[in-house]
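Shown here: upload.pdb, PDB, C-alpha atoms and all ligand atoms.
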```pdb
ATOM      1  CA  MET G   1     -13.521 -12.276 -63.400  1.00  0.00           C
ATOM      2  CA  SER G   2      -9.926 -13.283 -63.938  1.00  0.00           C
ATOM      3  CA  ASP G   3      -8.723 -16.756 -63.083  1.00  0.00           C
ATOM      4  CA  ALA G   4      -5.194 -15.756 -62.208  1.00  0.00           C
ATOM      5  CA  LEU G   5      -4.153 -18.732 -60.052  1.00  0.00           C
ATOM      6  CA  GLY G   6      -5.389 -21.416 -62.428  1.00  0.00           C
ATOM      7  CA  ARG G   7      -3.414 -20.205 -65.392  1.00  0.00           C
ATOM      8  CA  TYR G   8      -0.012 -21.315 -64.084  1.00  0.00           C
ATOM      9  CA  ALA G   9      -1.270 -24.615 -62.655  1.00  0.00           C
ATOM     10  CA  ALA G  10      -2.342 -25.789 -66.107  1.00  0.00           C
ATOM     11  CA  LEU G  11       1.061 -25.179 -67.739  1.00  0.00           C
ATOM     12  CA  ASP G  12       3.652 -27.833 -68.513  1.00  0.00           C
ATOM     13  CA  ARG G  13       7.193 -27.214 -67.219  1.00  0.00           C
ATOM     14  CA  TYR G  14       8.469 -25.781 -70.479  1.00  0.00           C
ATOM     15  CA  THR G  15       5.592 -23.355 -70.958  1.00  0.00           C
ATOM     16  CA  LEU G  16       5.845 -22.318 -67.320  1.00  0.00           C
ATOM     17  CA  GLY G  17       9.549 -21.509 -67.835  1.00  0.00           C
ATOM     18  CA  VAL G  18       8.740 -19.486 -70.943  1.00  0.00           C
ATOM     19  CA  VAL G  19       5.889 -17.592 -69.289  1.00  0.00           C
ATOM     20  CA  GLU G  20       7.790 -16.807 -66.080  1.00  0.00           C
ATOM     21  CA  GLU G  21      10.756 -15.482 -68.027  1.00  0.00           C
ATOM     22  CA  ARG G  22       8.572 -13.386 -70.336  1.00  0.00           C
ATOM     23  CA  GLU G  23       6.550 -11.921 -67.501  1.00  0.00           C
ATOM     24  CA  GLN G  24       9.702 -11.005 -65.571  1.00  0.00           C
ATOM     25  CA  TYR G  25      10.712  -8.833 -68.529  1.00  0.00           C
ATOM     26  CA  TYR G  26       7.247  -7.281 -68.699  1.00  0.00           C
ATOM     27  CA  THR G  27       7.395  -6.557 -64.968  1.00  0.00           C
ATOM     28  CA  ARG G  28      10.786  -4.876 -65.274  1.00  0.00           C
ATOM     29  CA  LEU G  29       9.822  -2.749 -68.236  1.00  0.00           C
ATOM     30  CA  LEU G  30       6.546  -1.657 -66.618  1.00  0.00           C
ATOM     31  CA  ALA G  31       8.378  -0.814 -63.381  1.00  0.00           C
ATOM     32  CA  LYS G  32      10.851   1.352 -65.302  1.00  0.00           C
ATOM     33  CA  SER G  33       8.104   3.120 -67.231  1.00  0.00           C
ATOM     34  CA  ALA G  34       6.265   6.191 -66.021  1.00  0.00           C
ATOM     35  CA  LEU G  35       2.946   4.316 -66.182  1.00  0.00           C
ATOM     36  CA  SER G  36       0.571   3.856 -63.282  1.00  0.00           C
ATOM     37  CA  MET G  37      -1.169   0.498 -63.663  1.00  0.00           C
ATOM     38  CA  GLY G  38      -4.331   1.690 -61.890  1.00  0.00           C
ATOM     39  CA  ASP G  39      -5.013   4.160 -64.716  1.00  0.00           C
ATOM     40  CA  CYS G  40      -3.428   2.170 -67.508  1.00  0.00           C
ATOM     41  CA  ARG G  41      -5.483   1.666 -70.658  1.00  0.00           C
ATOM     42  CA  PHE G  42      -4.453  -1.699 -72.065  1.00  0.00           C
ATOM     43  CA  LEU G  43      -5.003  -3.082 -75.562  1.00  0.00           C
ATOM     44  CA  GLU G  44      -4.142  -6.604 -76.674  1.00  0.00           C
ATOM     45  CA  ILE G  45      -4.255  -7.210 -80.413  1.00  0.00           C
ATOM     46  CA  GLY G  46      -5.029 -10.882 -81.047  1.00  0.00           C
ATOM     47  CA  ALA G  47      -5.742 -11.730 -77.409  1.00  0.00           C
ATOM     48  CA  GLY G  48      -6.466 -15.429 -78.026  1.00  0.00           C
ATOM     49  CA  HIS G  49      -8.096 -16.867 -74.887  1.00  0.00           C
ATOM     50  CA  GLY G  50      -6.728 -14.006 -72.784  1.00  0.00           C
ATOM     51  CA  PHE G  51      -3.792 -15.691 -71.066  1.00  0.00           C
ATOM     52  CA  ASN G  52      -1.720 -12.481 -71.064  1.00  0.00           C
ATOM     53  CA  VAL G  53      -4.634 -10.382 -69.877  1.00  0.00           C
ATOM     54  CA  HIS G  54      -4.514 -12.092 -66.477  1.00  0.00           C
ATOM     55  CA  TYR G  55      -0.939 -10.930 -66.040  1.00  0.00           C
ATOM     56  CA  PHE G  56      -1.856  -7.288 -66.644  1.00  0.00           C
ATOM     57  CA  LEU G  57      -4.833  -7.554 -64.267  1.00  0.00           C
ATOM     58  CA  GLU G  58      -2.488  -8.929 -61.610  1.00  0.00           C
ATOM     59  CA  LYS G  59      -0.269  -5.896 -62.164  1.00  0.00           C
ATOM     60  CA  GLY G  60      -3.187  -3.599 -61.324  1.00  0.00           C
ATOM     61  CA  VAL G  61      -4.748  -2.834 -64.694  1.00  0.00           C
ATOM     62  CA  LYS G  62      -8.534  -2.602 -64.286  1.00  0.00           C
ATOM     63  CA  GLU G  63     -10.613  -5.005 -66.340  1.00  0.00           C
ATOM     64  CA  GLU G  64     -12.788  -2.145 -67.601  1.00  0.00           C
ATOM     65  CA  ASN G  65      -9.612  -0.481 -68.942  1.00  0.00           C
ATOM     66  CA  CYS G  66      -8.792  -3.513 -71.097  1.00  0.00           C
ATOM     67  CA  THR G  67      -9.623  -3.646 -74.787  1.00  0.00           C
ATOM     68  CA  LEU G  68      -9.166  -6.989 -76.516  1.00  0.00           C
ATOM     69  CA  ILE G  69      -9.322  -7.621 -80.225  1.00  0.00           C
ATOM     70  CA  GLU G  70      -9.705 -11.176 -81.492  1.00  0.00           C
ATOM     71  CA  PRO G  71     -10.979 -12.376 -84.895  1.00  0.00           C
ATOM     72  CA  ASP G  72     -11.587 -16.021 -83.977  1.00  0.00           C
ATOM     73  CA  SER G  73     -15.194 -16.381 -82.847  1.00  0.00           C
ATOM     74  CA  ASP G  74     -14.609 -19.166 -80.270  1.00  0.00           C
ATOM     75  CA  ARG G  75     -11.791 -17.198 -78.672  1.00  0.00           C
ATOM     76  CA  PHE G  76     -13.883 -14.035 -78.805  1.00  0.00           C
ATOM     77  CA  GLU G  77     -16.712 -15.830 -76.931  1.00  0.00           C
ATOM     78  CA  SER G  78     -14.262 -17.190 -74.387  1.00  0.00           C
ATOM     79  CA  LEU G  79     -12.831 -13.672 -73.811  1.00  0.00           C
ATOM     80  CA  LYS G  80     -16.331 -12.272 -73.281  1.00  0.00           C
ATOM     81  CA  LYS G  81     -17.027 -14.910 -70.597  1.00  0.00           C
ATOM     82  CA  THR G  82     -13.695 -14.464 -68.826  1.00  0.00           C
ATOM     83  CA  PHE G  83     -13.514 -10.665 -68.927  1.00  0.00           C
ATOM     84  CA  PRO G  84     -17.108  -9.392 -68.868  1.00  0.00           C
ATOM     85  CA  LYS G  85     -16.085  -5.803 -68.018  1.00  0.00           C
ATOM     86  CA  ALA G  86     -13.512  -5.479 -70.799  1.00  0.00           C
ATOM     87  CA  VAL G  87     -14.188  -3.996 -74.229  1.00  0.00           C
ATOM     88  CA  ILE G  88     -13.897  -6.922 -76.634  1.00  0.00           C
ATOM     89  CA  GLU G  89     -14.188  -6.788 -80.374  1.00  0.00           C
ATOM     90  CA  GLU G  90     -14.455  -9.727 -82.771  1.00  0.00           C
ATOM     91  CA  ALA G  91     -12.322  -8.467 -85.643  1.00  0.00           C
ATOM     92  CA  ARG G  92      -8.992  -8.531 -87.347  1.00  0.00           C
ATOM     93  CA  PHE G  93      -7.045  -5.504 -86.187  1.00  0.00           C
ATOM     94  CA  GLY G  94      -7.171  -4.005 -89.688  1.00  0.00           C
ATOM     95  CA  ASP G  95     -10.994  -3.983 -89.548  1.00  0.00           C
ATOM     96  CA  SER G  96     -11.287  -3.003 -85.904  1.00  0.00           C
ATOM     97  CA  ARG G  97     -13.209   0.123 -84.892  1.00  0.00           C
ATOM     98  CA  VAL G  98     -11.170   0.592 -81.726  1.00  0.00           C
ATOM     99  CA  GLU G  99      -9.670   4.051 -81.400  1.00  0.00           C
ATOM    100  CA  GLY G 100      -6.453   5.136 -79.738  1.00  0.00           C
ATOM    101  CA  GLY G 101      -5.365   6.388 -76.338  1.00  0.00           C
ATOM    102  CA  PHE G 102      -3.656   3.277 -74.944  1.00  0.00           C
ATOM    103  CA  ASP G 103      -0.825   3.207 -72.433  1.00  0.00           C
ATOM    104  CA  VAL G 104       0.182  -0.373 -73.150  1.00  0.00           C
ATOM    105  CA  ILE G 105      -0.425  -2.255 -76.385  1.00  0.00           C
ATOM    106  CA  LEU G 106       0.555  -5.916 -76.492  1.00  0.00           C
ATOM    107  CA  ILE G 107       1.077  -7.851 -79.718  1.00  0.00           C
ATOM    108  CA  SER G 108       2.076 -11.335 -78.646  1.00  0.00           C
ATOM    109  CA  LEU G 109       2.562 -14.165 -81.168  1.00  0.00           C
ATOM    110  CA  VAL G 110       0.259 -12.444 -83.649  1.00  0.00           C
ATOM    111  CA  LEU G 111       2.627 -10.981 -86.266  1.00  0.00           C
ATOM    112  CA  SER G 112       3.931 -14.510 -86.915  1.00  0.00           C
ATOM    113  CA  SER G 113       0.419 -15.620 -87.862  1.00  0.00           C
ATOM    114  CA  ILE G 114       0.052 -12.755 -90.354  1.00  0.00           C
ATOM    115  CA  LEU G 115       1.975 -14.061 -93.346  1.00  0.00           C
ATOM    116  CA  ASP G 116       1.702 -10.922 -95.468  1.00  0.00           C
ATOM    117  CA  HIS G 117       4.460  -8.399 -94.675  1.00  0.00           C
ATOM    118  CA  GLU G 118       2.334  -5.496 -95.829  1.00  0.00           C
ATOM    119  CA  ILE G 119      -0.410  -6.394 -93.322  1.00  0.00           C
ATOM    120  CA  GLN G 120       2.189  -6.891 -90.584  1.00  0.00           C
ATOM    121  CA  GLU G 121       3.468  -3.395 -91.331  1.00  0.00           C
ATOM    122  CA  GLN G 122      -0.053  -1.943 -91.272  1.00  0.00           C
ATOM    123  CA  VAL G 123      -0.717  -3.576 -87.894  1.00  0.00           C
ATOM    124  CA  LEU G 124       2.479  -2.147 -86.424  1.00  0.00           C
ATOM    125  CA  SER G 125       2.033   1.349 -87.858  1.00  0.00           C
ATOM    126  CA  ARG G 126      -1.569   1.593 -86.723  1.00  0.00           C
ATOM    127  CA  ALA G 127      -0.760   0.235 -83.260  1.00  0.00           C
ATOM    128  CA  LEU G 128       1.782   2.982 -82.852  1.00  0.00           C
ATOM    129  CA  THR G 129      -0.719   5.689 -83.715  1.00  0.00           C
ATOM    130  CA  MET G 130      -2.957   4.350 -80.924  1.00  0.00           C
ATOM    131  CA  LEU G 131      -0.318   4.748 -78.248  1.00  0.00           C
ATOM    132  CA  GLU G 132      -0.338   7.581 -75.715  1.00  0.00           C
ATOM    133  CA  PRO G 133       2.861   9.686 -75.619  1.00  0.00           C
ATOM    134  CA  GLN G 134       4.033   7.857 -72.458  1.00  0.00           C
ATOM    135  CA  GLY G 135       2.851   4.508 -73.788  1.00  0.00           C
ATOM    136  CA  HIS G 136       4.656   1.256 -74.529  1.00  0.00           C
ATOM    137  CA  LEU G 137       4.115  -1.126 -77.414  1.00  0.00           C
ATOM    138  CA  ILE G 138       5.240  -4.581 -76.317  1.00  0.00           C
ATOM    139  CA  ILE G 139       5.882  -7.237 -78.923  1.00  0.00           C
ATOM    140  CA  TYR G 140       6.631 -10.895 -78.207  1.00  0.00           C
ATOM    141  CA  GLU G 141       7.516 -13.063 -81.177  1.00  0.00           C
ATOM    142  CA  PHE G 142       9.622 -15.912 -82.489  1.00  0.00           C
ATOM    143  CA  ARG G 143      12.340 -15.364 -85.046  1.00  0.00           C
ATOM    144  CA  TYR G 144      12.434 -18.557 -87.064  1.00  0.00           C
ATOM    145  CA  ASP G 145      10.067 -20.282 -89.460  1.00  0.00           C
ATOM    146  CA  ASN G 146       8.590 -23.547 -88.245  1.00  0.00           C
ATOM    147  CA  PRO G 147       8.956 -26.183 -91.005  1.00  0.00           C
ATOM    148  CA  LYS G 148       6.123 -28.199 -89.412  1.00  0.00           C
ATOM    149  CA  ASN G 149       3.674 -25.305 -89.394  1.00  0.00           C
ATOM    150  CA  LYS G 150       3.227 -23.361 -92.614  1.00  0.00           C
ATOM    151  CA  ASN G 151       0.545 -21.170 -91.000  1.00  0.00           C
ATOM    152  CA  VAL G 152       3.153 -19.173 -89.117  1.00  0.00           C
ATOM    153  CA  LYS G 153       6.332 -17.367 -90.086  1.00  0.00           C
ATOM    154  CA  GLY G 154       9.272 -16.134 -88.040  1.00  0.00           C
ATOM    155  CA  VAL G 155       9.386 -12.382 -87.450  1.00  0.00           C
ATOM    156  CA  SER G 156      12.528 -10.309 -87.818  1.00  0.00           C
ATOM    157  CA  PRO G 157      13.100  -7.656 -85.138  1.00  0.00           C
ATOM    158  CA  ASN G 158      14.697  -5.559 -87.901  1.00  0.00           C
ATOM    159  CA  LEU G 159      11.438  -5.561 -89.870  1.00  0.00           C
ATOM    160  CA  ILE G 160       9.720  -4.098 -86.830  1.00  0.00           C
ATOM    161  CA  LYS G 161      12.447  -1.471 -86.404  1.00  0.00           C
ATOM    162  CA  ARG G 162      12.192  -0.479 -90.063  1.00  0.00           C
ATOM    163  CA  VAL G 163       8.430  -0.041 -89.854  1.00  0.00           C
ATOM    164  CA  LEU G 164       8.423   1.846 -86.580  1.00  0.00           C
ATOM    165  CA  LYS G 165      11.314   4.100 -87.541  1.00  0.00           C
ATOM    166  CA  GLY G 166      11.919   7.613 -86.291  1.00  0.00           C
ATOM    167  CA  GLY G 167      11.095   9.119 -82.930  1.00  0.00           C
ATOM    168  CA  HIS G 168      10.972   5.797 -81.101  1.00  0.00           C
ATOM    169  CA  LYS G 169      13.073   4.059 -78.526  1.00  0.00           C
ATOM    170  CA  PHE G 170      13.568   0.312 -78.863  1.00  0.00           C
ATOM    171  CA  GLN G 171      14.636  -2.181 -76.289  1.00  0.00           C
ATOM    172  CA  GLN G 172      14.947  -5.814 -77.187  1.00  0.00           C
ATOM    173  CA  TRP G 173      15.654  -9.038 -75.318  1.00  0.00           C
ATOM    174  CA  SER G 174      16.205 -12.582 -76.538  1.00  0.00           C
ATOM    175  CA  VAL G 175      14.000 -14.963 -74.592  1.00  0.00           C
ATOM    176  CA  SER G 176      12.427 -18.459 -74.596  1.00  0.00           C
ATOM    177  CA  LEU G 177      14.475 -21.609 -75.061  1.00  0.00           C
ATOM    178  CA  ALA G 178      13.862 -23.248 -78.426  1.00  0.00           C
ATOM    179  CA  PRO G 179      10.811 -25.499 -77.942  1.00  0.00           C
ATOM    180  CA  PRO G 180      12.476 -28.830 -78.926  1.00  0.00           C
ATOM    181  CA  ILE G 181      15.237 -28.206 -76.362  1.00  0.00           C
ATOM    182  CA  GLY G 182      13.112 -26.497 -73.727  1.00  0.00           C
ATOM    183  CA  ARG G 183      10.653 -29.404 -73.701  1.00  0.00           C
ATOM    184  CA  ARG G 184      13.458 -31.878 -73.012  1.00  0.00           C
ATOM    185  CA  VAL G 185      15.224 -30.068 -70.185  1.00  0.00           C
ATOM    186  CA  GLY G 186      12.356 -30.201 -67.678  1.00  0.00           C
ATOM    187  CA  LYS G 187      13.250 -28.509 -64.390  1.00  0.00           C
ATOM    188  CA  ALA G 188      16.561 -27.269 -65.821  1.00  0.00           C
ATOM    189  CA  TYR G 189      14.829 -24.644 -68.000  1.00  0.00           C
ATOM    190  CA  LYS G 190      16.257 -21.688 -66.075  1.00  0.00           C
ATOM    191  CA  PRO G 191      19.936 -22.750 -65.847  1.00  0.00           C
ATOM    192  CA  ILE G 192      20.065 -23.962 -69.460  1.00  0.00           C
ATOM    193  CA  ASN G 193      18.403 -20.766 -70.660  1.00  0.00           C
ATOM    194  CA  TYR G 194      20.886 -18.703 -68.652  1.00  0.00           C
ATOM    195  CA  LEU G 195      23.992 -20.642 -69.707  1.00  0.00           C
ATOM    196  CA  PHE G 196      23.133 -20.986 -73.406  1.00  0.00           C
ATOM    197  CA  PRO G 197      21.454 -17.746 -74.521  1.00  0.00           C
ATOM    198  CA  PHE G 198      22.064 -18.675 -78.169  1.00  0.00           C
ATOM    199  CA  LEU G 199      19.382 -21.366 -77.759  1.00  0.00           C
ATOM    200  CA  ARG G 200      16.695 -18.713 -77.347  1.00  0.00           C
ATOM    201  CA  THR G 201      14.349 -18.406 -80.305  1.00  0.00           C
ATOM    202  CA  HIS G 202      11.992 -15.563 -79.340  1.00  0.00           C
ATOM    203  CA  PHE G 203      12.324 -11.885 -78.555  1.00  0.00           C
ATOM    204  CA  ILE G 204      10.532  -9.208 -76.601  1.00  0.00           C
ATOM    205  CA  MET G 205      10.613  -5.705 -78.016  1.00  0.00           C
ATOM    206  CA  ASP G 206       9.534  -2.632 -76.091  1.00  0.00           C
ATOM    207  CA  VAL G 207       8.784   0.371 -78.293  1.00  0.00           C
ATOM    208  CA  SER G 208       8.173   3.732 -76.685  1.00  0.00           C
ATOM    209  CA  ASN G 209       8.327   7.338 -77.756  1.00  0.00           C
ATOM    210  CA  ASP G 210      11.676   9.079 -77.492  1.00  0.00           C
ATOM    211  CA  ASN G 211      10.198  11.616 -75.106  1.00  0.00           C
ATOM    212  CA  SER G 212       8.679   9.038 -72.726  1.00  0.00           C
TER
HETATM  213  C1  LIG D   1      -0.880 -17.622 -81.321  1.00  0.00           C
HETATM  214  S1  LIG D   1      -2.314 -16.744 -80.852  1.00  0.00           S
HETATM  215  C2  LIG D   1      -1.661 -15.690 -79.578  1.00  0.00           C
HETATM  216  C3  LIG D   1      -2.676 -15.342 -78.536  1.00  0.00           C
HETATM  217  C4  LIG D   1      -2.163 -14.416 -77.435  1.00  0.00           C
HETATM  218  N1  LIG D   1      -1.794 -13.132 -77.972  1.00  0.00           N
HETATM  219  C5  LIG D   1      -0.997 -15.044 -76.707  1.00  0.00           C
HETATM  220  O1  LIG D   1       0.115 -14.503 -76.756  1.00  0.00           O
HETATM  221  O2  LIG D   1      -1.205 -16.069 -76.024  1.00  0.00           O
HETATM  222  C6  LIG D   1      -2.536 -15.591 -82.207  1.00  0.00           C
HETATM  223  C7  LIG D   1      -3.878 -14.886 -82.125  1.00  0.00           C
HETATM  224  O3  LIG D   1      -3.881 -13.802 -83.051  1.00  0.00           O
HETATM  225  C8  LIG D   1      -5.142 -13.742 -83.664  1.00  0.00           C
HETATM  226  N2  LIG D   1      -4.981 -12.998 -84.944  1.00  0.00           N
HETATM  227  C9  LIG D   1      -4.515 -13.459 -86.131  1.00  0.00           C
HETATM  228  N3  LIG D   1      -4.517 -12.470 -87.051  1.00  0.00           N
HETATM  229  C10 LIG D   1      -4.985 -11.347 -86.431  1.00  0.00           C
HETATM  230  C11 LIG D   1      -5.232 -10.001 -86.854  1.00  0.00           C
HETATM  231  N4  LIG D   1      -5.002  -9.605 -88.111  1.00  0.00           N
HETATM  232  N5  LIG D   1      -5.715  -9.128 -85.952  1.00  0.00           N
HETATM  233  C12 LIG D   1      -5.949  -9.511 -84.679  1.00  0.00           C
HETATM  234  N6  LIG D   1      -5.732 -10.776 -84.226  1.00  0.00           N
HETATM  235  C13 LIG D   1      -5.257 -11.683 -85.081  1.00  0.00           C
HETATM  236  C14 LIG D   1      -5.546 -15.214 -83.817  1.00  0.00           C
HETATM  237  O4  LIG D   1      -6.935 -15.385 -83.969  1.00  0.00           O
HETATM  238  C15 LIG D   1      -5.020 -15.806 -82.521  1.00  0.00           C
HETATM  239  O5  LIG D   1      -5.985 -15.814 -81.491  1.00  0.00           O
END
```
Would you mind writing the structure in this file as structure tokens?
Ligand SMILES: C[S@@+](CC[C@H](N)C(=O)[O-])C[C@H]1O[C@@H](n2cnc3c(N)ncnc32)[C@H](O)[C@@H]1O
Amino acid sequence: MSDALGRYAALDRYTLGVVEEREQYYTRLLAKSALSMGDCRFLEIGAGHGFNVHYFLEKGVKEENCTLIEPDSDRFESLKKTFPKAVIEEARFGDSRVEGGFDVILISLVLSSILDHEIQEQVLSRALTMLEPQGHLIIYEFRYDNPKNKNVKGVSPNLIKRVLKGGHKFQQWSVSLAPPIGRRVGKAYKPINYLFPFLRTHFIMDVSNDNS
């Protein structure tokens, strides 16, 4: 069962601003796509505790049409409890046995935790092969290294474009106020984000086939 209402209540103001903005973009891109959410086969690579999964369930994706890959065993167990009807695999994507045929594949804040460019490239290339012709690969990432956290690395949208070259359409949006600023502005997240777009540190990329 999904716990859709609870997930917003637990968020601080900054995270709520980030999530609302991000999900508005997802909603727009799904609405513009030719996909029907009732039949949509959804894959999240590195699903964490499943926060994003709730959003897709709210949009009409059926839990049994969700496949979630997560290498961390605590998160894997938590996913199994929260989404008992979903297909859930405890694995790194590179070792996963999941096969293709997905309409939406989400890679959110995962590439930045893969420090090796070659593995990042393998993840992206393989994800693309698992996409249906009308499908969308949605990537959410931050651009800049975090000096306080050496376990993550900023991701360049150009790296993604280079890897996924040829035959694909890209759309990209700058989103998410830089955390040190966003956390200070409280209720003013939306106006500050709107007025000062150069303070955004993350991006959403939507990759689809040229013929979609
Ligand atoms: C920062 S969390 C993001 C969780 C979720 N996608 C989100 O946006 O809230 C990154 C997740 O990616 C997972 N991860 C790291 N390397 C991975 C890989 N090679 N394949 C699949 N998942 C991976 C981690 O275990 C972690 O749960």
Exercise for review: Could you check how far CA of Phe93 in chain G sits from atom S1 of ligand LIG 1 (chain D), in Å to one decimal?
Suggested key: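 Separation between CA of Phe93 in chain G and atom S1 of ligand LIG 1 (chain D): 13.3 Å.
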Ligand LIG 1 (chain D) neighbours within 10 Å using only C-alpha atoms and all ligand atoms, as a tab-separated table (two decimals) with C-alpha atoms, in the coordinates of the input:
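Written output follows (part_29.tsv):
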```
chain	number	residue	atom	x	y	z
G	19	VAL	CA	5.89	-17.59	-69.29
G	44	GLU	CA	-4.14	-6.60	-76.67
G	45	ILE	CA	-4.26	-7.21	-80.41
G	46	GLY	CA	-5.03	-10.88	-81.05
G	47	ALA	CA	-5.74	-11.73	-77.41
G	48	GLY	CA	-6.47	-15.43	-78.03
G	49	HIS	CA	-8.10	-16.87	-74.89
G	50	GLY	CA	-6.73	-14.01	-72.78
G	51	PHE	CA	-3.79	-15.69	-71.07
G	52	ASN	CA	-1.72	-12.48	-71.06
G	53	VAL	CA	-4.63	-10.38	-69.88
G	68	LEU	CA	-9.17	-6.99	-76.52
G	69	ILE	CA	-9.32	-7.62	-80.22
G	70	GLU	CA	-9.70	-11.18	-81.49
G	71	PRO	CA	-10.98	-12.38	-84.90
G	72	ASP	CA	-11.59	-16.02	-83.98
G	73	SER	CA	-15.19	-16.38	-82.85
G	74	ASP	CA	-14.61	-19.17	-80.27
G	75	ARG	CA	-11.79	-17.20	-78.67
G	76	PHE	CA	-13.88	-14.04	-78.81
G	89	GLU	CA	-14.19	-6.79	-80.37
G	90	GLU	CA	-14.46	-9.73	-82.77
G	91	ALA	CA	-12.32	-8.47	-85.64
G	92	ARG	CA	-8.99	-8.53	-87.35
G	93	PHE	CA	-7.04	-5.50	-86.19
G	94	GLY	CA	-7.17	-4.00	-89.69
G	95	ASP	CA	-10.99	-3.98	-89.55
G	96	SER	CA	-11.29	-3.00	-85.90
G	106	LEU	CA	0.56	-5.92	-76.49
G	107	ILE	CA	1.08	-7.85	-79.72
G	108	SER	CA	2.08	-11.34	-78.65
G	109	LEU	CA	2.56	-14.16	-81.17
G	110	VAL	CA	0.26	-12.44	-83.65
G	111	LEU	CA	2.63	-10.98	-86.27
G	112	SER	CA	3.93	-14.51	-86.92
G	113	SER	CA	0.42	-15.62	-87.86
G	114	ILE	CA	0.05	-12.76	-90.35
G	115	LEU	CA	1.98	-14.06	-93.35
G	119	ILE	CA	-0.41	-6.39	-93.32
G	120	GLN	CA	2.19	-6.89	-90.58
G	122	GLN	CA	-0.05	-1.94	-91.27
G	123	VAL	CA	-0.72	-3.58	-87.89
G	139	ILE	CA	5.88	-7.24	-78.92
G	140	TYR	CA	6.63	-10.90	-78.21
G	141	GLU	CA	7.52	-13.06	-81.18
G	152	VAL	CA	3.15	-19.17	-89.12
```
Check your understanding: Using the chain letters and numbers from the file, which residues does the PyMOL selection byres (((chain G and resi 190-201) around 8) and not hetatm) grab, as a list in words?
Key -> Gly17, Phe142, Arg143, Tyr144, Ser174, Val175, Ser176, Leu177, Ala178, Val185, Lys187, Ala188, Tyr189, His202 and Phe203 of chain G
Review point. Which is closer to Pro180 in chain G than all the others in G:Glu118, G:Tyr14, G:Ile204, G:Tyr8, using all atoms listed in the file?
Key: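 Under the stated criterion, the closest residue is G:Tyr14.
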Point to revise | Point-to-point distance from CA of Val207 in chain G to CA of Arg97 in chain G, Å rounded to tenths | key: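 Atom-to-atom, CA of Val207 in chain G to CA of Arg97 in chain G, that is 23.0 Å.
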Check your understanding: CA of Gly60 in chain G and CA of Gly101 in chain G, how far apart in Å?
Key ->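 We find that CA of Gly101 in chain G and CA of Gly60 in chain G lie 18.2 Å from each other.
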Centre and edge lengths of an axis-aligned box around all listed atoms of range 141-151 of chain G, with 8 Å added on each side, are to be given in Å to one decimal, as AutoDock Vina command-line options.
```
--center_x 6.5 --center_y -20.6 --center_z -86.9 --size_x 27.9 --size_y 31.1 --size_z 27.4
```
Identify, on the basis of all atoms listed in the file, every residue whose closest approach to Glu63 in chain G does not exceed 12 Å; exclude the query and any residue fewer than 5 positions from it along the same chain; express the result as a PDB file with C-alpha atoms, in the coordinates of the input.
```
ATOM      1  CA  MET G   1     -13.521 -12.276 -63.400  1.00  0.00           C
ATOM      2  CA  SER G   2      -9.926 -13.283 -63.938  1.00  0.00           C
ATOM      3  CA  MET G  37      -1.169   0.498 -63.663  1.00  0.00           C
ATOM      4  CA  GLY G  38      -4.331   1.690 -61.890  1.00  0.00           C
ATOM      5  CA  ASP G  39      -5.013   4.160 -64.716  1.00  0.00           C
ATOM      6  CA  CYS G  40      -3.428   2.170 -67.508  1.00  0.00           C
ATOM      7  CA  ARG G  41      -5.483   1.666 -70.658  1.00  0.00           C
ATOM      8  CA  PHE G  42      -4.453  -1.699 -72.065  1.00  0.00           C
ATOM      9  CA  LEU G  43      -5.003  -3.082 -75.562  1.00  0.00           C
ATOM     10  CA  GLY G  50      -6.728 -14.006 -72.784  1.00  0.00           C
ATOM     11  CA  VAL G  53      -4.634 -10.382 -69.877  1.00  0.00           C
ATOM     12  CA  HIS G  54      -4.514 -12.092 -66.477  1.00  0.00           C
ATOM     13  CA  TYR G  55      -0.939 -10.930 -66.040  1.00  0.00           C
ATOM     14  CA  PHE G  56      -1.856  -7.288 -66.644  1.00  0.00           C
ATOM     15  CA  LEU G  57      -4.833  -7.554 -64.267  1.00  0.00           C
ATOM     16  CA  GLU G  58      -2.488  -8.929 -61.610  1.00  0.00           C
ATOM     17  CA  LEU G  68      -9.166  -6.989 -76.516  1.00  0.00           C
ATOM     18  CA  LEU G  79     -12.831 -13.672 -73.811  1.00  0.00           C
ATOM     19  CA  LYS G  80     -16.331 -12.272 -73.281  1.00  0.00           C
ATOM     20  CA  THR G  82     -13.695 -14.464 -68.826  1.00  0.00           C
ATOM     21  CA  PHE G  83     -13.514 -10.665 -68.927  1.00  0.00           C
ATOM     22  CA  PRO G  84     -17.108  -9.392 -68.868  1.00  0.00           C
ATOM     23  CA  LYS G  85     -16.085  -5.803 -68.018  1.00  0.00           C
ATOM     24  CA  ALA G  86     -13.512  -5.479 -70.799  1.00  0.00           C
ATOM     25  CA  VAL G  87     -14.188  -3.996 -74.229  1.00  0.00           C
ATOM     26  CA  ILE G  88     -13.897  -6.922 -76.634  1.00  0.00           C
TER      27      ILE G  88
END
```
Practice item. Measuring atom to atom with only C-alpha atoms, identify which of G:Ile105, G:Glu20, G:Glu77, G:Tyr25 is nearest to Arg7 in chain G. Key: G:Glu20
Practice item. List the residues matched by the PyMOL selection byres (((chain G and resi 159-162) around 10) and not hetatm) in the displayed structure as a ChimeraX atom specification, ordered by chain and then by residue number. Key: /G:111,117,120-121,124-125,139,155-158,163-166,168-170,205,207
Review point. Applied to this file, what does the PyMOL selection byres (((chain G and resi 104) around 6) and not hetatm) return in terms of residues, put as a ChimeraX atom specification?
Key: /G:42,102-103,105,135-137
Exercise for review: Give me the residues within 9 Å of Gly100 in chain G as number ranges by chain, counting all atoms listed in the file and dropping any in the same chain fewer than 2 places off.
Suggested key: G: 98, 102, 127, 129-132
Practice item. Would you mind telling me which residue in G:Ser36, G:Glu21, G:Thr67, G:Ala10 lies nearest to Glu99 in chain G when using all atoms listed in the file? Key: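 The answer is G:Thr67, which sits nearest to Glu99 in chain G.
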